[in-house]
$ cat my_file.cif   # mmCIF, C-alpha atoms and all ligand atoms
data_protein
#
loop_
_atom_site.label_atom_id
_atom_site.label_comp_id
_atom_site.auth_asym_id
_atom_site.auth_seq_id
_atom_site.Cartn_x
_atom_site.Cartn_y
_atom_site.Cartn_z
CA MET A 1 31.91 26.16 -85.72
CA THR A 2 29.77 29.14 -86.57
CA LEU A 3 27.94 31.02 -83.85
CA ALA A 4 24.86 32.93 -84.95
CA VAL A 5 22.73 35.22 -82.82
CA ASP A 6 19.53 36.03 -84.61
CA GLY A 7 17.13 38.81 -83.58
CA VAL A 8 17.87 38.53 -79.87
CA THR A 9 15.97 40.77 -77.47
CA LYS A 10 16.36 40.67 -73.68
CA ARG A 11 14.16 42.56 -71.27
CA TYR A 12 14.70 42.79 -67.52
CA GLY A 13 11.38 44.18 -66.34
CA GLY A 14 11.21 47.60 -67.97
CA ILE A 15 14.88 47.59 -69.02
CA ILE A 16 15.64 46.54 -72.59
CA ALA A 17 19.18 45.16 -72.29
CA LEU A 18 19.26 43.91 -75.90
CA GLU A 19 16.98 44.78 -78.78
CA ASP A 20 16.87 42.73 -81.98
CA VAL A 21 20.59 41.94 -82.00
CA SER A 22 21.97 39.73 -84.77
CA LEU A 23 25.57 38.65 -85.07
CA THR A 24 27.50 35.85 -86.78
CA VAL A 25 30.99 34.66 -85.89
CA GLY A 26 32.67 32.07 -88.07
CA ALA A 27 35.39 29.54 -87.24
CA GLY A 28 38.78 31.26 -87.03
CA GLU A 29 37.22 34.69 -86.77
CA VAL A 30 37.80 37.15 -83.93
CA VAL A 31 34.94 39.58 -83.50
CA GLY A 32 35.22 42.51 -81.12
CA LEU A 33 32.13 43.63 -79.25
CA ILE A 34 32.45 47.17 -77.94
CA GLY A 35 30.07 49.71 -76.49
CA PRO A 36 29.56 51.92 -73.44
CA ASN A 37 28.74 50.60 -69.95
CA GLY A 38 25.30 49.01 -69.92
CA ALA A 39 25.23 48.52 -73.72
CA GLY A 40 24.34 44.84 -73.28
CA LYS A 41 27.67 43.12 -74.00
CA THR A 42 27.71 40.82 -70.97
CA THR A 43 23.99 40.15 -71.40
CA LEU A 44 24.72 38.87 -74.91
CA PHE A 45 27.38 36.52 -73.48
CA ASP A 46 24.89 35.33 -70.84
CA ILE A 47 22.42 34.49 -73.59
CA VAL A 48 24.96 32.73 -75.82
CA SER A 49 26.37 30.70 -72.92
CA GLY A 50 22.86 29.89 -71.71
CA VAL A 51 22.81 31.42 -68.23
CA GLN A 52 20.03 33.77 -69.37
CA ALA A 53 17.18 33.04 -71.78
CA PRO A 54 16.40 35.67 -74.40
CA SER A 55 12.96 37.32 -74.41
CA ALA A 56 12.96 36.78 -78.19
CA GLY A 57 15.34 35.51 -80.84
CA THR A 58 17.51 32.48 -81.50
CA VAL A 59 21.08 31.35 -80.81
CA ARG A 60 22.50 28.85 -83.30
CA LEU A 61 25.62 26.74 -83.42
CA ASP A 62 26.40 25.56 -86.94
CA GLY A 63 22.81 26.34 -87.88
CA ARG A 64 21.24 24.31 -85.09
CA ALA A 65 19.14 26.24 -82.57
CA ILE A 66 20.54 25.95 -79.03
CA THR A 67 18.39 28.67 -77.45
CA THR A 68 16.88 26.26 -74.90
CA THR A 69 19.97 24.08 -74.41
CA SER A 70 21.41 24.09 -70.86
CA PRO A 71 24.68 25.94 -70.17
CA GLU A 72 26.39 22.60 -69.38
CA ARG A 73 25.45 21.09 -72.72
CA ARG A 74 26.52 24.24 -74.54
CA ALA A 75 29.89 24.03 -72.79
CA ARG A 76 30.21 20.41 -73.90
CA ALA A 77 29.38 21.48 -77.43
CA GLY A 78 32.41 23.78 -77.20
CA ILE A 79 31.03 27.16 -76.07
CA ARG A 80 33.28 28.53 -73.32
CA ARG A 81 33.59 31.91 -71.70
CA THR A 82 35.51 34.01 -69.26
CA PHE A 83 33.80 36.40 -66.88
CA GLN A 84 34.00 40.14 -66.44
CA ARG A 85 34.22 39.44 -62.71
CA VAL A 86 36.67 36.54 -62.59
CA GLN A 87 35.10 33.32 -61.30
CA LEU A 88 37.69 30.95 -59.89
CA TYR A 89 37.65 28.56 -56.93
CA GLY A 90 39.68 30.75 -54.57
CA HIS A 91 40.75 27.98 -52.20
CA LEU A 92 41.86 25.60 -54.97
CA SER A 93 45.29 25.74 -56.55
CA VAL A 94 45.71 27.23 -60.00
CA GLU A 95 46.38 23.77 -61.40
CA ASP A 96 43.23 22.31 -59.82
CA ASN A 97 41.13 25.22 -61.06
CA ILE A 98 42.16 24.33 -64.60
CA LEU A 99 41.79 20.57 -63.99
CA THR A 100 38.17 21.01 -62.90
CA ALA A 101 37.40 22.41 -66.35
CA THR A 102 38.35 19.03 -67.85
CA GLU A 103 36.55 16.93 -65.26
CA TRP A 104 33.21 16.60 -67.05
CA ARG A 105 34.83 14.14 -69.44
CA GLY A 106 35.29 11.84 -66.47
CA GLY A 107 38.14 9.41 -66.04
CA GLY A 108 36.28 6.54 -67.66
CA GLY A 109 34.85 3.58 -65.80
CA GLY A 110 33.05 5.54 -63.06
CA LEU A 111 33.17 4.87 -59.34
CA LEU A 112 34.07 1.19 -59.65
CA ALA A 113 37.08 2.05 -61.79
CA ASP A 114 38.08 4.56 -59.10
CA LEU A 115 37.87 1.93 -56.39
CA VAL A 116 39.92 -0.67 -58.21
CA GLY A 117 42.28 1.96 -59.62
CA ALA A 118 41.71 0.86 -63.19
CA PRO A 119 44.69 1.57 -65.44
CA THR A 120 42.62 3.46 -68.04
CA ARG A 121 41.49 5.88 -65.38
CA ALA A 122 45.01 6.47 -64.14
CA ARG A 123 46.20 6.98 -67.68
CA ARG A 124 43.46 9.49 -68.48
CA GLU A 125 44.20 11.36 -65.27
CA ARG A 126 47.85 11.59 -66.33
CA GLU A 127 46.82 12.80 -69.77
CA ARG A 128 44.58 15.45 -68.24
CA ARG A 129 47.35 16.69 -65.96
CA ALA A 130 49.78 16.78 -68.87
CA ARG A 131 47.29 18.82 -70.88
CA VAL A 132 46.76 21.24 -67.98
CA ALA A 133 50.54 21.60 -67.64
CA SER A 134 50.96 22.41 -71.32
CA VAL A 135 48.17 25.01 -71.22
CA MET A 136 49.69 26.65 -68.12
CA GLU A 137 52.99 26.78 -69.98
CA ALA A 138 51.38 28.30 -73.09
CA VAL A 139 49.52 30.94 -71.09
CA GLY A 140 52.65 31.72 -69.04
CA ILE A 141 51.36 30.72 -65.60
CA ALA A 142 53.27 27.44 -65.05
CA ASP A 143 55.06 28.86 -62.00
CA LEU A 144 51.71 29.70 -60.37
CA ALA A 145 50.45 26.08 -60.48
CA PRO A 146 50.51 25.33 -56.72
CA LEU A 147 49.23 28.72 -55.52
CA PRO A 148 45.67 29.19 -54.30
CA ALA A 149 43.79 31.01 -57.07
CA GLY A 150 42.26 33.39 -54.52
CA SER A 151 45.69 34.79 -53.69
CA LEU A 152 46.43 36.04 -57.22
CA PRO A 153 46.31 39.62 -58.45
CA ILE A 154 43.66 40.29 -61.10
CA GLY A 155 45.95 40.06 -64.14
CA GLN A 156 47.18 36.57 -63.19
CA ALA A 157 43.66 35.47 -62.22
CA ARG A 158 42.44 36.46 -65.70
CA LEU A 159 45.16 34.32 -67.27
CA VAL A 160 44.09 31.36 -65.09
CA GLU A 161 40.53 31.88 -66.25
CA LEU A 162 41.71 31.95 -69.84
CA ALA A 163 43.57 28.66 -69.26
CA ARG A 164 40.37 27.16 -67.84
CA ALA A 165 38.43 28.28 -70.90
CA VAL A 166 40.91 26.91 -73.46
CA VAL A 167 42.17 23.71 -71.80
CA ASP A 168 39.47 21.64 -73.41
CA GLU A 169 39.61 22.92 -76.99
CA PRO A 170 36.72 25.36 -77.24
CA ARG A 171 34.98 25.89 -80.58
CA VAL A 172 33.42 29.20 -79.54
CA LEU A 173 35.11 31.41 -76.96
CA LEU A 174 33.54 34.45 -75.32
CA LEU A 175 36.03 36.73 -73.56
CA ASP A 176 34.52 39.40 -71.30
CA GLU A 177 37.01 42.24 -70.76
CA PRO A 178 40.03 39.92 -70.64
CA ALA A 179 42.60 42.71 -70.79
CA SER A 180 41.10 44.68 -67.90
CA GLY A 181 43.65 44.82 -65.09
CA LEU A 182 46.39 43.13 -67.10
CA ALA A 183 49.95 44.42 -67.14
CA ASP A 184 51.42 44.98 -70.61
CA HIS A 185 53.35 41.69 -70.67
CA GLU A 186 50.19 39.82 -69.56
CA ALA A 187 48.10 41.53 -72.26
CA GLU A 188 50.71 40.43 -74.82
CA ARG A 189 50.40 36.82 -73.65
CA PHE A 190 46.66 37.12 -73.88
CA ALA A 191 46.91 38.48 -77.42
CA ALA A 192 49.21 35.58 -78.38
CA GLN A 193 46.59 33.13 -77.11
CA VAL A 194 43.86 34.86 -79.12
CA ALA A 195 46.06 34.52 -82.22
CA ARG A 196 46.60 30.83 -81.47
CA LEU A 197 42.85 30.28 -81.06
CA ARG A 198 42.15 31.99 -84.35
CA ALA A 199 44.71 29.71 -86.02
CA SER A 200 42.98 26.65 -84.57
CA ASP A 201 39.61 27.75 -86.01
CA VAL A 202 37.94 28.86 -82.79
CA ALA A 203 35.20 31.48 -83.19
CA VAL A 204 36.15 34.23 -80.71
CA VAL A 205 34.06 37.11 -79.40
CA LEU A 206 36.07 39.67 -77.49
CA VAL A 207 34.40 42.27 -75.27
CA GLU A 208 36.87 44.96 -74.31
CA HIS A 209 36.96 48.62 -73.36
CA ASP A 210 40.62 48.87 -74.36
CA VAL A 211 40.04 50.05 -77.94
CA GLY A 212 43.68 49.54 -78.95
CA PHE A 213 43.54 45.91 -77.82
CA VAL A 214 40.30 45.34 -79.73
CA MET A 215 41.50 46.98 -82.93
CA GLY A 216 44.73 44.98 -82.80
CA GLN A 217 43.09 41.59 -82.22
CA CYS A 218 39.86 41.64 -84.18
CA ASP A 219 38.92 40.89 -87.78
CA ARG A 220 35.59 42.62 -87.34
CA VAL A 221 34.05 44.87 -84.70
CA VAL A 222 30.41 45.17 -83.65
CA VAL A 223 29.35 48.24 -81.70
CA LEU A 224 26.47 47.95 -79.26
CA ASP A 225 24.76 51.00 -77.85
CA LEU A 226 21.74 50.83 -75.53
CA GLY A 227 21.15 47.22 -76.54
CA ARG A 228 21.20 47.79 -80.29
CA VAL A 229 23.84 47.19 -82.94
CA LEU A 230 25.02 50.70 -83.79
CA ALA A 231 27.66 49.72 -86.35
CA GLU A 232 29.61 46.77 -87.66
CA GLY A 233 32.74 46.65 -89.79
CA SER A 234 36.51 46.27 -89.95
CA PRO A 235 38.51 47.94 -87.15
CA THR A 236 39.40 50.76 -89.54
CA GLU A 237 35.79 51.29 -90.63
CA ILE A 238 34.67 51.37 -87.02
CA GLN A 239 37.32 53.89 -86.01
CA GLN A 240 36.14 56.20 -88.81
CA HIS A 241 32.41 55.66 -88.25
CA PRO A 242 30.83 59.03 -87.27
CA ALA A 243 28.07 57.59 -85.04
CA VAL A 244 30.60 55.38 -83.24
CA ARG A 245 32.96 58.27 -82.68
CA ALA A 246 30.11 60.33 -81.28
CA ALA A 247 28.70 57.58 -79.04
CA TYR A 248 31.78 55.78 -77.90
CA LEU A 249 35.21 56.72 -79.10
CA GLY A 250 34.56 60.37 -78.27
N1 LIG A 301 20.34 40.36 -64.18
C1 LIG A 301 19.92 41.60 -64.52
N2 LIG A 301 18.80 42.12 -64.01
C2 LIG A 301 18.38 43.35 -64.36
N3 LIG A 301 19.02 44.15 -65.22
C3 LIG A 301 20.15 43.69 -65.77
C4 LIG A 301 20.67 42.38 -65.46
N4 LIG A 301 21.82 42.19 -66.17
C5 LIG A 301 22.00 43.31 -66.88
N5 LIG A 301 21.01 44.20 -66.64
C6 LIG A 301 20.89 45.54 -67.28
O1 LIG A 301 20.97 45.35 -68.67
C7 LIG A 301 21.73 46.39 -69.26
C8 LIG A 301 22.93 45.79 -69.98
O2 LIG A 301 23.88 45.34 -69.02
P1 LIG A 301 25.21 44.56 -69.40
O3 LIG A 301 25.83 44.13 -68.13
O4 LIG A 301 24.90 43.53 -70.41
O5 LIG A 301 26.06 45.73 -70.09
P2 LIG A 301 27.58 45.72 -70.51
O6 LIG A 301 27.61 46.23 -71.91
O7 LIG A 301 28.21 44.42 -70.24
O8 LIG A 301 28.20 46.86 -69.56
P3 LIG A 301 29.66 46.98 -68.89
O9 LIG A 301 30.55 47.58 -69.96
O10 LIG A 301 29.47 47.93 -67.76
O11 LIG A 301 30.10 45.63 -68.47
C9 LIG A 301 22.09 47.35 -68.14
O12 LIG A 301 21.11 48.36 -68.11
C10 LIG A 301 22.02 46.48 -66.91
O13 LIG A 301 21.71 47.23 -65.78
MG MG A 302 29.75 43.79 -69.12
#
$ encode --input "my_file.cif" --output "structure tokens"
Amino acid sequence: MTLAVDGVTKRYGGIIALEDVSLTVGAGEVVGLIGPNGAGKTTLFDIVSGVQAPSAGTVRLDGRAITTTSPERRARAGIRRTFQRVQLYGHLSVEDNILTATEWRGGGGGLLADLVGAPTRARRERERRARVASVMEAVGIADLAPLPAGSLPIGQARLVELARAVVDEPRVLLLDEPASGLADHEAERFAAQVARLRASDVAVVLVEHDVGFVMGQCDRVVVLDLGRVLAEGSPTEIQQHPAVRAAYLG
């Protein structure tokens, strides 16, 4: 799927968090979104995922405007995200945190099927658990399955959040500072997952302050500064861009 952000502006009272931002991400493309603190990166994710409405502009998925579509329906259409401040159910196990991300599909048959223990429901439940197990394996957190998510250090919690975001085959994935707080071996696992998502035609937007991580993972980089697109290009072009060096890379 192709995600397109077209002329998006977001004002919070007198603050202009985003100003006329346009951005397209195609299937199988990994786009890095970098910029200083307060540049508007998370705000853009909030607008694409639907938790904030833009003051102006349009968000499109495969050409269809979704600007007024609810966050739930956008998630069902395949737009998933992770959060800069990890959002997990602290008292639930790692496995159950990931299972809840598949629950909207339901078990089939509703309450009655639950009561009579219909075989289709039991089968779907098994399939869901098997899928969760394979994602935990792929992300490298299988041994954490029974632990309460609230007990995990930040690096592991970010991997659980990644598993939640990818368990149900996203088409568009927004990652907000996924490498922040990760140990090197965790960042490598994360990078491997990004590569796998690219190969399965997911459109990925990666917000990250770790410039090395961004340059290594991304096909294209967009630089935001004070809510505006300052530059856009290949990782090499961005690293050589004078305005970017001045504003961001130092
Ligand atoms: N809910 C809100 N209410 C008011 N102002 C907000 C809100 N969310 C963001 N802002 C403001 O909008 C601007 C952009 O913030 P945003 O969080 O999108 O930046 P960011 O690029 O993600 O920064 P960081 O790198 O620190 O995460 C900032 O000035 C911020 O204070
Ligand atoms: Mg942010």
$ atom_distance --input "my_file.cif" --atom1 "CA of Phe213 (chain A)" --atom2 "CA of Ala27 (chain A)"
20.6 Å
$ residues_near_ligand --input "my_file.cif" --ligand "ligand MG 302 (chain A)" --cutoff "7 Å" --atoms "all atoms listed in the file" --output "list in words"
Asn37, Gly38, Gly40, Lys41, Thr42, Gln84 and Asp176 of chain A
$ closest_residue --input "my_file.cif" --among "A:Val205, A:Val214, A:Leu44, A:Leu175" --to "ligand LIG 301 (chain A)" --atoms "all atoms listed in the file"
A:Leu44
$ residues_around --input "my_file.cif" --residues "Leu23 (chain A)" --least-positions-apart "4" --cutoff "9 Å" --atoms "only C-alpha atoms" --output "ChimeraX atom specification"
/A:3-7,222,229
$ closest_residue --input "my_file.cif" --among "A:Ala163, A:Ala77, A:Ile34, A:Leu206" --to "ligand LIG 301 (chain A)" --atoms "all atoms listed in the file"
A:Ile34
$ residues_near_ligand --input "my_file.cif" --ligand "ligand LIG 301 (chain A)" --cutoff "12 Å" --atoms "only C-alpha atoms and all ligand atoms" --output "JSON, numbers by chain"
{"A": [9, 10, 11, 12, 13, 14, 15, 16, 17, 18, 19, 33, 34, 35, 36, 37, 38, 39, 40, 41, 42, 43, 44, 45, 46, 47, 51, 52, 53, 54, 83, 84, 85, 175, 176, 177, 178, 180, 206, 207, 208, 209, 210, 223, 224, 225, 226, 227, 228, 229, 248]}
$ atom_distance --input "my_file.cif" --atom1 "CA of Ile141 (chain A)" --atom2 "CA of Leu159 (chain A)"
7.4 Å
$ residues_around --input "my_file.cif" --residues "Ala199 (chain A)" --least-positions-apart "5" --cutoff "12 Å" --atoms "only C-alpha atoms" --output "list in words"
Ala27, Gly28, Glu29, Val30, Arg171, Ala192, Gln193, Val194 and Val204 of chain A
$ closest_residue --input "my_file.cif" --among "A:Leu173, A:Val139, A:Val221, A:Ile98" --to "Ala187 (chain A)" --atoms "only C-alpha atoms"
A:Val139
$ atom_distance --input "my_file.cif" --atom1 "CA of Ala246 (chain A)" --atom2 "CA of Gly181 (chain A)"
26.2 Å
$ axis_aligned_box --input "my_file.cif" --around "region 159-169 of chain A" --padding-each-side "8 Å" --output "lines of an AutoDock Vina configuration file"
center_x = 41.8
center_y = 28.0
center_z = -71.0
size_x = 22.7
size_y = 28.7
size_z = 27.9
$ closest_residue --input "my_file.cif" --among "A:Val132, A:Leu162, A:Val167, A:Val48" --to "Pro71 (chain A)" --atoms "only C-alpha atoms"
A:Val48
$ closest_residue --input "my_file.cif" --among "A:Ala195, A:Leu61, A:Val21, A:Leu174" --to "Gly216 (chain A)" --atoms "all atoms listed in the file"
A:Ala195
$ closest_residue --input "my_file.cif" --among "A:Cys218, A:Ala203, A:Ala56, A:Ala247" --to "Pro170 (chain A)" --atoms "all atoms listed in the file"
A:Ala203
$ residues_around --input "my_file.cif" --residues "Arg74 (chain A)" --least-positions-apart "3" --cutoff "10 Å" --atoms "all atoms listed in the file" --output "MDAnalysis selection string"
chainID A and resid 48:50 61 66:71 77:80 172
$ write_last_selection --input "my_file.cif" --atoms "C-alpha atoms" --output "CSV table (one decimal), keeping the file's coordinate frame"
chain,number,residue,atom,x,y,z
A,48,VAL,CA,25.0,32.7,-75.8
A,49,SER,CA,26.4,30.7,-72.9
A,50,GLY,CA,22.9,29.9,-71.7
A,61,LEU,CA,25.6,26.7,-83.4
A,66,ILE,CA,20.5,26.0,-79.0
A,67,THR,CA,18.4,28.7,-77.4
A,68,THR,CA,16.9,26.3,-74.9
A,69,THR,CA,20.0,24.1,-74.4
A,70,SER,CA,21.4,24.1,-70.9
A,71,PRO,CA,24.7,25.9,-70.2
A,77,ALA,CA,29.4,21.5,-77.4
A,78,GLY,CA,32.4,23.8,-77.2
A,79,ILE,CA,31.0,27.2,-76.1
A,80,ARG,CA,33.3,28.5,-73.3
A,172,VAL,CA,33.4,29.2,-79.5
$ residues_around --input "my_file.cif" --residues "Arg164 (chain A)" --least-positions-apart "2" --cutoff "10 Å" --atoms "all atoms listed in the file" --output "PyMOL selection string"
chain A and resi 80-82+88+94-102+132+135-136+158-162+166-168
$ build_atoms --input "my_file.cif" --residues "region 194-218 of chain A" --atoms "N, CA and C atoms" --output "mmCIF file, in the frame of the given file"
data_model
loop_
_atom_site.group_PDB
_atom_site.id
_atom_site.type_symbol
_atom_site.label_atom_id
_atom_site.label_comp_id
_atom_site.auth_asym_id
_atom_site.auth_seq_id
_atom_site.Cartn_x
_atom_site.Cartn_y
_atom_site.Cartn_z
ATOM 1 N N VAL A 194 44.965 34.579 -78.186
ATOM 2 C CA VAL A 194 43.860 34.860 -79.120
ATOM 3 C C VAL A 194 44.299 34.501 -80.541
ATOM 4 N N ALA A 195 45.542 34.845 -80.886
ATOM 5 C CA ALA A 195 46.060 34.520 -82.220
ATOM 6 C C ALA A 195 46.117 33.002 -82.418
ATOM 7 N N ARG A 196 46.519 32.286 -81.376
ATOM 8 C CA ARG A 196 46.600 30.830 -81.470
ATOM 9 C C ARG A 196 45.207 30.219 -81.651
ATOM 10 N N LEU A 197 44.226 30.775 -80.948
ATOM 11 C CA LEU A 197 42.850 30.280 -81.060
ATOM 12 C C LEU A 197 42.302 30.520 -82.458
ATOM 13 N N ARG A 198 42.595 31.684 -82.986
ATOM 14 C CA ARG A 198 42.150 31.990 -84.350
ATOM 15 C C ARG A 198 42.744 30.962 -85.312
ATOM 16 N N ALA A 199 44.043 30.670 -85.136
ATOM 17 C CA ALA A 199 44.710 29.710 -86.020
ATOM 18 C C ALA A 199 44.134 28.305 -85.872
ATOM 19 N N SER A 200 43.568 27.989 -84.703
ATOM 20 C CA SER A 200 42.980 26.650 -84.570
ATOM 21 C C SER A 200 41.460 26.694 -84.768
ATOM 22 N N ASP A 201 41.006 27.713 -85.518
ATOM 23 C CA ASP A 201 39.610 27.750 -86.010
ATOM 24 C C ASP A 201 38.556 27.935 -84.940
ATOM 25 N N VAL A 202 38.937 28.545 -83.811
ATOM 26 C CA VAL A 202 37.940 28.860 -82.790
ATOM 27 C C VAL A 202 37.245 30.163 -83.212
ATOM 28 N N ALA A 203 35.946 30.239 -82.977
ATOM 29 C CA ALA A 203 35.200 31.480 -83.190
ATOM 30 C C ALA A 203 35.292 32.272 -81.881
ATOM 31 N N VAL A 204 35.899 33.452 -81.935
ATOM 32 C CA VAL A 204 36.150 34.230 -80.710
ATOM 33 C C VAL A 204 35.345 35.522 -80.705
ATOM 34 N N VAL A 205 34.682 35.797 -79.587
ATOM 35 C CA VAL A 205 34.060 37.110 -79.400
ATOM 36 C C VAL A 205 34.767 37.773 -78.222
ATOM 37 N N LEU A 206 35.241 38.970 -78.464
ATOM 38 C CA LEU A 206 36.070 39.670 -77.490
ATOM 39 C C LEU A 206 35.388 40.967 -77.070
ATOM 40 N N VAL A 207 34.950 41.027 -75.817
ATOM 41 C CA VAL A 207 34.400 42.270 -75.270
ATOM 42 C C VAL A 207 35.537 43.002 -74.570
ATOM 43 N N GLU A 208 35.746 44.267 -74.919
ATOM 44 C CA GLU A 208 36.870 44.960 -74.310
ATOM 45 C C GLU A 208 36.678 46.462 -74.409
ATOM 46 N N HIS A 209 37.017 47.157 -73.319
ATOM 47 C CA HIS A 209 36.960 48.620 -73.360
ATOM 48 C C HIS A 209 38.251 49.210 -73.914
ATOM 49 N N ASP A 210 39.338 48.417 -73.843
ATOM 50 C CA ASP A 210 40.620 48.870 -74.360
ATOM 51 C C ASP A 210 40.575 48.823 -75.894
ATOM 52 N N VAL A 211 40.288 49.985 -76.495
ATOM 53 C CA VAL A 211 40.040 50.050 -77.940
ATOM 54 C C VAL A 211 41.277 49.600 -78.728
ATOM 55 N N GLY A 212 42.451 49.954 -78.256
ATOM 56 C CA GLY A 212 43.680 49.540 -78.950
ATOM 57 C C GLY A 212 43.799 48.029 -78.999
ATOM 58 N N PHE A 213 43.485 47.371 -77.893
ATOM 59 C CA PHE A 213 43.540 45.910 -77.820
ATOM 60 C C PHE A 213 42.543 45.307 -78.812
ATOM 61 N N VAL A 214 41.337 45.854 -78.836
ATOM 62 C CA VAL A 214 40.300 45.340 -79.730
ATOM 63 C C VAL A 214 40.713 45.507 -81.198
ATOM 64 N N MET A 215 41.164 46.705 -81.532
ATOM 65 C CA MET A 215 41.500 46.980 -82.930
ATOM 66 C C MET A 215 42.669 46.095 -83.379
ATOM 67 N N GLY A 216 43.581 45.811 -82.464
ATOM 68 C CA GLY A 216 44.730 44.980 -82.800
ATOM 69 C C GLY A 216 44.390 43.501 -82.958
ATOM 70 N N GLN A 217 43.368 43.031 -82.254
ATOM 71 C CA GLN A 217 43.090 41.590 -82.220
ATOM 72 C C GLN A 217 41.982 41.151 -83.166
ATOM 73 N N CYS A 218 41.116 42.082 -83.556
ATOM 74 C CA CYS A 218 39.860 41.640 -84.180
ATOM 75 C C CYS A 218 39.834 41.780 -85.696
#
